[in-house]
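As provided, query_35.txt (compact mmCIF, C-alpha atoms) reads as follows.
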```txt
# COMPACT_ATOMS: atom_id res chain seq x y z
CA MET A 1 13.04 146.57 92.91
CA ALA A 2 11.24 143.31 93.38
CA ASN A 3 13.16 140.35 94.72
CA ASN A 4 10.71 137.75 93.41
CA GLY A 5 10.09 136.45 96.89
CA ARG A 6 13.77 135.62 97.63
CA ARG A 7 15.46 136.84 100.78
CA SER A 8 18.82 138.58 100.43
CA VAL A 9 21.66 137.17 102.49
CA LYS A 10 24.35 139.50 103.77
CA LEU A 11 27.78 137.77 103.79
CA LYS A 12 30.18 138.51 106.62
CA LYS A 13 33.96 138.43 106.31
CA GLY A 14 35.89 136.42 108.83
CA PRO A 15 37.28 132.97 109.61
CA THR A 16 35.27 129.96 108.69
CA VAL A 17 35.00 126.85 110.81
CA GLY A 18 37.79 124.46 109.69
CA THR A 19 39.61 124.30 106.38
CA GLY A 20 38.97 120.75 105.47
CA GLY A 21 42.73 120.16 105.12
CA HIS A 22 43.10 122.56 102.22
CA GLY A 23 46.13 124.33 103.84
CA ARG A 24 47.95 121.20 105.00
CA LYS A 25 50.32 121.01 102.03
CA ALA A 26 51.38 124.61 102.53
CA LEU A 27 52.48 123.77 106.07
CA GLU A 28 54.52 120.68 105.18
CA GLY A 29 57.56 122.53 103.77
CA LYS A 30 60.06 121.25 101.21
CA GLY A 31 62.06 118.87 103.40
CA PRO A 32 65.73 119.13 104.45
CA THR A 33 68.10 121.45 102.59
CA PRO A 34 69.97 119.47 99.91
CA LYS A 35 73.76 119.21 100.05
CA ALA A 36 75.74 121.85 98.20
CA GLU A 37 76.96 119.33 95.62
CA ASP A 38 73.32 118.37 94.86
CA ARG A 39 72.20 121.94 94.10
CA PRO A 40 72.51 122.60 90.34
CA TYR A 41 73.23 126.29 90.85
CA HIS A 42 76.01 125.74 93.42
CA LYS A 43 79.76 125.74 92.57
CA ALA A 44 80.21 122.43 94.43
CA HIS A 45 77.75 120.77 92.02
CA LYS A 46 79.85 121.84 89.02
CA ASN A 47 83.05 120.59 90.68
CA LYS A 48 81.35 117.25 91.36
CA GLN A 49 80.36 116.94 87.70
CA LEU A 50 83.94 117.74 86.60
CA ALA A 51 85.31 115.11 88.97
CA GLU A 52 82.85 112.50 87.70
CA ARG A 53 83.76 113.25 84.08
CA SER A 54 87.46 112.99 84.90
CA GLU A 55 86.95 109.63 86.63
CA ALA A 56 84.98 108.41 83.61
CA LYS A 57 87.90 109.35 81.34
CA ARG A 58 90.25 107.29 83.49
CA GLY A 59 87.89 104.33 83.19
CA THR A 60 87.06 103.99 86.88
CA GLY A 61 84.63 105.60 89.25
CA ALA A 62 86.46 104.66 92.46
CA ARG A 63 89.34 106.31 94.26
CA ASN A 64 92.61 104.48 94.61
CA PRO A 65 92.57 102.71 98.01
CA GLY A 66 96.23 103.62 98.49
CA ALA A 67 95.64 107.33 97.98
CA ARG A 68 96.50 109.70 100.78
CA SER A 69 93.91 111.87 102.47
CA GLY A 70 93.97 115.55 101.63
CA PRO A 71 92.36 118.63 103.22
CA LYS A 72 88.69 118.39 104.25
CA GLY A 73 88.80 114.61 103.91
CA ARG A 74 89.29 114.64 100.14
CA ALA A 75 91.37 111.78 98.76
CA THR A 76 94.25 112.81 96.57
CA GLU A 77 96.82 110.73 94.75
CA GLU A 78 100.57 111.21 94.54
CA VAL A 79 101.15 113.81 91.83
CA VAL A 80 104.03 115.79 90.32
CA THR A 81 103.04 119.37 89.50
CA GLY A 82 104.62 122.15 87.45
CA ARG A 83 106.26 122.09 84.06
CA ASN A 84 109.87 121.72 85.23
CA SER A 85 109.06 118.99 87.75
CA VAL A 86 106.89 117.03 85.33
CA VAL A 87 109.41 117.00 82.48
CA GLU A 88 112.24 116.03 84.87
CA ALA A 89 110.13 113.21 86.34
CA LEU A 90 109.40 111.88 82.85
CA ARG A 91 113.09 112.08 81.94
CA ALA A 92 113.95 110.07 85.07
CA GLY A 93 111.50 107.33 84.07
CA ILE A 94 109.25 107.64 87.12
CA PRO A 95 106.25 105.29 86.73
CA ALA A 96 103.19 107.34 85.80
CA LYS A 97 99.49 106.58 85.64
CA ALA A 98 98.45 109.56 83.49
CA LEU A 99 99.57 113.00 82.35
CA HIS A 100 96.88 115.64 82.82
CA VAL A 101 97.17 118.63 80.47
CA ALA A 102 95.11 121.80 80.90
CA ILE A 103 92.59 122.65 78.18
CA ARG A 104 94.07 125.23 75.77
CA ILE A 105 97.44 125.13 77.54
CA GLU A 106 100.07 127.59 76.37
CA MET A 107 102.72 125.47 74.68
CA ASP A 108 106.44 125.83 75.38
CA ASP A 109 109.47 123.52 75.09
CA ARG A 110 108.76 121.84 78.47
CA VAL A 111 105.15 121.06 77.56
CA LYS A 112 106.17 119.73 74.13
CA GLU A 113 108.86 117.50 75.61
CA SER A 114 106.49 116.24 78.33
CA LEU A 115 103.89 115.28 75.72
CA LYS A 116 106.55 113.59 73.58
CA LEU A 117 108.00 111.57 76.49
CA ALA A 118 104.56 110.53 77.71
CA ALA A 119 103.56 109.39 74.24
CA GLU A 120 106.79 107.38 73.83
CA ARG A 121 106.18 105.60 77.15
CA GLY A 122 102.50 104.97 76.46
CA ILE A 123 101.30 107.16 79.33
CA PRO A 124 97.66 108.25 78.82
CA LEU A 125 97.26 111.95 78.00
CA LEU A 126 94.12 113.49 79.51
CA GLU A 127 92.87 116.97 78.67
CA THR A 128 91.60 118.32 81.99
CA GLY A 129 89.90 121.53 83.04
CA LYS A 130 91.57 123.96 85.43
CA PRO A 131 89.05 123.37 88.30
CA GLU A 132 89.83 119.67 88.23
CA LEU A 133 93.60 120.30 88.14
CA ASP A 134 93.22 122.64 91.12
CA ARG A 135 91.31 119.94 92.98
CA MET A 136 93.92 117.27 92.20
CA THR A 137 96.78 119.45 93.42
CA ASP A 138 94.99 121.07 96.38
CA ASP A 139 95.31 124.43 94.59
CA ALA A 140 99.11 124.14 94.26
CA ILE A 141 100.81 125.82 91.30
CA HIS A 142 100.60 123.28 88.48
CA GLN A 143 101.10 125.47 85.35
CA GLY A 144 98.66 123.25 83.46
CA LEU A 145 100.65 119.99 83.86
CA VAL A 146 99.99 117.28 86.46
CA LEU A 147 101.65 113.85 86.38
CA GLN A 148 99.70 111.20 88.30
CA ILE A 149 101.90 108.63 90.08
CA PRO A 150 100.55 105.16 91.03
CA PRO A 151 101.03 104.02 94.64
CA TYR A 152 104.26 102.10 95.24
CA GLU A 153 103.79 98.36 95.85
CA TYR A 154 105.84 97.54 98.96
CA GLN A 155 107.13 94.05 99.65
CA ASP A 156 106.82 92.31 102.99
CA ALA A 157 110.06 92.60 104.99
CA TYR A 158 109.97 89.03 106.34
CA GLU A 159 109.25 87.48 102.94
CA LEU A 160 111.99 89.53 101.27
CA ALA A 161 114.57 88.44 103.87
CA GLU A 162 113.54 84.77 103.71
CA TYR A 163 113.59 84.73 99.90
CA THR A 164 117.04 86.38 99.73
CA LEU A 165 118.53 84.06 102.36
CA ASP A 166 117.16 80.99 100.59
CA ALA A 167 118.48 82.15 97.22
CA TRP A 168 121.94 82.81 98.74
CA LYS A 169 122.11 79.38 100.40
CA LYS A 170 121.16 77.70 97.12
CA GLY A 171 123.83 79.66 95.23
CA HIS A 172 121.39 81.70 93.18
CA VAL A 173 122.74 84.93 94.74
CA ALA A 174 126.51 85.49 94.77
CA ASN A 175 126.74 87.88 97.74
CA ALA A 176 125.45 87.41 101.27
CA PRO A 177 122.14 89.20 101.94
CA LEU A 178 122.61 92.93 102.48
CA PHE A 179 119.74 95.17 103.62
CA VAL A 180 119.42 98.75 104.83
CA ALA A 181 116.75 99.68 107.39
CA LEU A 182 115.68 103.26 108.05
CA ASP A 183 114.96 104.50 111.58
CA GLY A 184 113.21 107.87 111.64
CA ILE A 185 114.20 109.01 108.12
CA THR A 186 111.50 111.40 106.86
CA ASP A 187 113.16 113.07 103.86
CA PRO A 188 112.21 111.30 100.59
CA ARG A 189 115.43 112.54 98.96
CA ASN A 190 117.42 110.63 101.58
CA LEU A 191 115.42 107.50 100.80
CA GLY A 192 116.00 107.94 97.07
CA ALA A 193 119.76 108.40 97.57
CA ILE A 194 119.92 105.34 99.86
CA ILE A 195 118.09 103.21 97.28
CA ARG A 196 120.62 104.38 94.70
CA SER A 197 123.56 103.38 96.94
CA VAL A 198 122.01 99.97 97.70
CA SER A 199 121.70 99.37 93.97
CA ALA A 200 125.29 100.50 93.30
CA PHE A 201 126.82 98.18 95.92
CA SER A 202 124.75 95.03 95.24
CA GLY A 203 122.34 95.38 98.15
CA HIS A 204 119.15 93.35 98.23
CA GLY A 205 116.56 95.71 99.67
CA VAL A 206 115.55 98.63 101.86
CA VAL A 207 113.24 98.36 104.88
CA VAL A 208 111.12 101.32 106.04
CA PRO A 209 108.69 101.39 109.00
CA GLU A 210 105.02 102.01 108.33
CA ARG A 211 104.80 104.89 110.83
CA ARG A 212 106.86 108.07 111.26
CA SER A 213 108.96 107.25 108.23
CA VAL A 214 109.29 108.31 104.62
CA GLY A 215 107.70 106.28 101.84
CA VAL A 216 108.49 105.88 98.16
CA THR A 217 107.10 109.15 96.81
CA ALA A 218 107.66 110.86 93.47
CA SER A 219 110.59 112.75 95.02
CA ALA A 220 112.19 109.49 96.19
CA TRP A 221 111.71 107.95 92.74
CA LYS A 222 113.36 110.95 91.14
CA THR A 223 116.36 110.99 93.52
CA SER A 224 116.94 107.27 93.06
CA ALA A 225 117.58 107.92 89.35
CA GLY A 226 115.71 104.77 88.36
CA ALA A 227 117.27 102.51 91.00
CA ALA A 228 113.86 102.11 92.69
CA VAL A 229 112.94 99.83 89.79
CA ARG A 230 115.78 97.43 90.65
CA VAL A 231 115.88 97.59 94.47
CA PRO A 232 112.81 96.37 96.38
CA VAL A 233 111.54 98.49 99.26
CA ALA A 234 109.77 96.59 102.04
CA ARG A 235 107.52 97.92 104.78
CA ALA A 236 107.75 96.80 108.40
CA ALA A 237 104.74 97.16 110.70
CA ASN A 238 107.15 97.40 113.64
CA LEU A 239 110.85 97.99 112.93
CA ASN A 240 112.09 96.52 116.23
CA ASN A 241 110.11 93.29 115.76
CA THR A 242 111.42 93.05 112.20
CA LEU A 243 115.03 93.46 113.35
CA LYS A 244 114.50 90.72 115.96
CA ALA A 245 113.11 88.43 113.26
CA PHE A 246 116.12 89.19 111.04
CA LYS A 247 118.45 88.18 113.88
CA ASN A 248 116.55 84.91 114.35
CA MET A 249 117.02 84.23 110.63
CA GLY A 250 120.79 84.64 110.97
CA ILE A 251 121.08 88.21 109.69
CA TYR A 252 123.38 90.45 111.75
CA VAL A 253 121.86 93.84 112.62
CA LEU A 254 124.42 96.66 112.58
CA GLY A 255 123.53 100.18 113.68
CA LEU A 256 125.31 103.25 112.31
CA ASP A 257 126.19 105.83 114.95
CA GLY A 258 128.99 108.26 115.66
CA ASP A 259 129.88 106.75 119.05
CA GLY A 260 129.88 103.11 117.91
CA ASP A 261 131.98 100.43 119.55
CA VAL A 262 133.34 99.17 116.20
CA SER A 263 135.07 101.28 113.56
CA LEU A 264 133.89 100.65 109.99
CA PRO A 265 137.29 99.56 108.59
CA ASN A 266 137.52 96.93 111.36
CA LEU A 267 134.06 95.47 110.73
CA ALA A 268 134.49 91.69 110.90
CA LEU A 269 130.86 90.93 110.01
CA ALA A 270 130.97 92.58 106.59
CA THR A 271 131.00 89.27 104.74
CA GLU A 272 128.04 87.84 106.71
CA PRO A 273 124.33 88.47 106.05
CA VAL A 274 123.86 92.04 107.27
CA CYS A 275 121.09 94.55 107.87
CA LEU A 276 122.51 98.05 108.24
CA VAL A 277 120.31 100.41 110.29
CA VAL A 278 120.65 104.18 109.89
CA GLY A 279 118.93 106.83 112.01
CA SER A 280 117.98 110.40 111.25
CA GLU A 281 120.62 113.11 111.13
CA GLY A 282 120.89 114.72 114.56
CA LYS A 283 118.71 112.27 116.55
CA GLY A 284 120.48 109.15 115.32
CA LEU A 285 119.21 105.69 116.30
CA SER A 286 116.29 105.39 118.66
CA ARG A 287 116.89 103.67 122.01
CA LEU A 288 114.99 100.45 121.26
CA VAL A 289 116.57 100.06 117.83
CA ARG A 290 120.03 100.53 119.35
CA GLU A 291 119.29 97.82 121.91
CA ASN A 292 118.28 95.40 119.12
CA CYS A 293 121.55 95.90 117.19
CA ASP A 294 124.30 93.26 117.36
CA GLN A 295 126.94 95.98 116.94
CA ILE A 296 127.06 99.76 116.70
CA VAL A 297 129.39 100.82 113.90
CA SER A 298 130.96 104.25 113.54
CA ILE A 299 132.56 105.94 110.52
CA PRO A 300 135.88 107.69 111.27
CA ILE A 301 135.46 111.38 110.36
CA ASP A 302 137.20 114.64 111.19
CA SER A 303 136.37 115.86 114.68
CA ALA A 304 135.19 119.21 113.28
CA MET A 305 132.31 117.46 111.52
CA GLU A 306 129.61 116.41 113.98
CA SER A 307 127.76 113.93 111.76
CA LEU A 308 127.18 112.81 108.20
CA ASN A 309 124.01 112.94 106.18
CA ALA A 310 122.12 109.63 106.46
CA SER A 311 122.37 108.76 102.78
CA MET A 312 126.09 109.65 102.72
CA ALA A 313 126.77 107.47 105.78
CA VAL A 314 124.95 104.55 104.13
CA GLY A 315 126.91 105.01 100.89
CA ILE A 316 130.28 104.99 102.68
CA SER A 317 129.33 101.94 104.76
CA LEU A 318 128.07 99.96 101.76
CA TYR A 319 131.26 100.77 99.85
CA GLU A 320 133.42 99.45 102.70
CA ILE A 321 131.29 96.29 103.02
CA SER A 322 131.50 95.66 99.26
CA CYS A 323 135.29 96.12 99.34
CA GLN A 324 135.69 93.58 102.14
CA ARG A 325 133.40 91.12 100.36
CA ALA A 326 135.34 91.52 97.12
CA ALA A 327 138.64 90.97 98.94
CA LYS A 328 137.32 87.73 100.44
```

Would you mind writing the file out in structure tokens?
Amino acid sequence: MANNGRRSVKLKKGPTVGTGGHGRKALEGKGPTPKAEDRPYHKAHKNKQLAERSEAKRGTGARNPGARSGPKGRATEEVVTGRNSVVEALRAGIPAKALHVAIRIEMDDRVKESLKLAAERGIPLLETGKPELDRMTDDAIHQGLVLQIPPYEYQDAYELAEYTLDAWKKGHVANAPLFVALDGITDPRNLGAIIRSVSAFSGHGVVVPERRSVGVTASAWKTSAGAAVRVPVARAANLNNTLKAFKNMGIYVLGLDGDGDVSLPNLALATEPVCLVVGSEGKGLSRLVRENCDQIVSIPIDSAMESLNASMAVGISLYEISCQRAAK
């Protein structure tokens, strides 16, 4: 066959010299691996979307700055979980930010009463998915009901003492200032019971340290039976410094302890401005707090009983102080 004068060229297979940059994009890769919450197919992405929708329902996209830190650094708010606990908290009048109800929840008498009480008090009702309820409660058993509690607004201990003293001196307050300070109390039920006793015997406030001490939680609110609304709770950055400041203001600091040097019925300072300090059951008052007390007061009890519960000891002491003040 004629080739019309053209030479045939035989092509060889093999690498060519240079690529001219044609393969550069293939070598660049796709960049760093995105976070789990940014991958549409990942479970964390769905949980993030649920959380964002829930925040949008509540009208804010930011976490409460007073919220506590939960597992893995997640911020969680104070919540009451479970049908019995939620309905009892609503009955007790605990302040609530919102009532979260599971989608398609199985109705019973507790759920119906919870919805009724929340509606009567004007508490927002939010229909929330189970994944979001699990996240809010750190996977605790919630039975489809979660009551969100706002952070308690503590007063300043110095300001509370100064205000009460000034009001007493001007005759705006009938009784001399009466405070109760907690040293190492960690049970919120004890705090709630103490708040209740302070309210019953005309006390003016409760002082709790910022560290290693109980705060006003949902459990404390519930135990106080509504008294936490009437009795201010103040926080002290350092309890010993606060007690020293109280003494400089003219408030007598009295520590409760079983081996006190003054028996409660013989307490001569009952009618003066007083701050009663109670320690934890078993450990009692810490050494520095004891040193800052003007007197250590003991409650006469049967020798077979080693000690009294902290809230019970406070209740007995406040009753005796109120009796002596009434007699005067």

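Proximity of A:Gly258, A:Pro95, A:Gly250, A:Gly171 to Ala225 in chain A, computed with only C-alpha atoms, is greatest for A:Pro95.
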
Worksheet item: What gap, in Å, lies between CA of Gly215 in chain A and CA of Asp294 in chain A?
Response: 26.2 Å

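What separates CA of Val146 in chain A from CA of His100 in chain A is a distance of 5.1 Å.
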
Fill in: For CA of Gly184 in chain A and CA of Arg211 in chain A, the interatomic separation in Å (one decimal)
9.0 Å

Fill in: Non-local contacts of range 275-280 of chain A (8 Å; all atoms listed in the file; under 2 positions in same chain excluded) as a list in words
Leu178, Phe179, Val180, Ala181, Leu182, Asp183, Gly184, Ile185, Thr186, Phe246, Ile251, Tyr252, Val253, Leu254, Gly255, Leu256, Asp257, Pro273, Gly282, Lys283, Gly284, Leu285, Ser286, Ala310 and Val314 of chain A

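In this comparison, which uses all atoms listed in the file, the residue of A:Ala36, A:Met249, A:Val86, A:Ala176 approaching Ser114 in chain A most closely is A:Val86.
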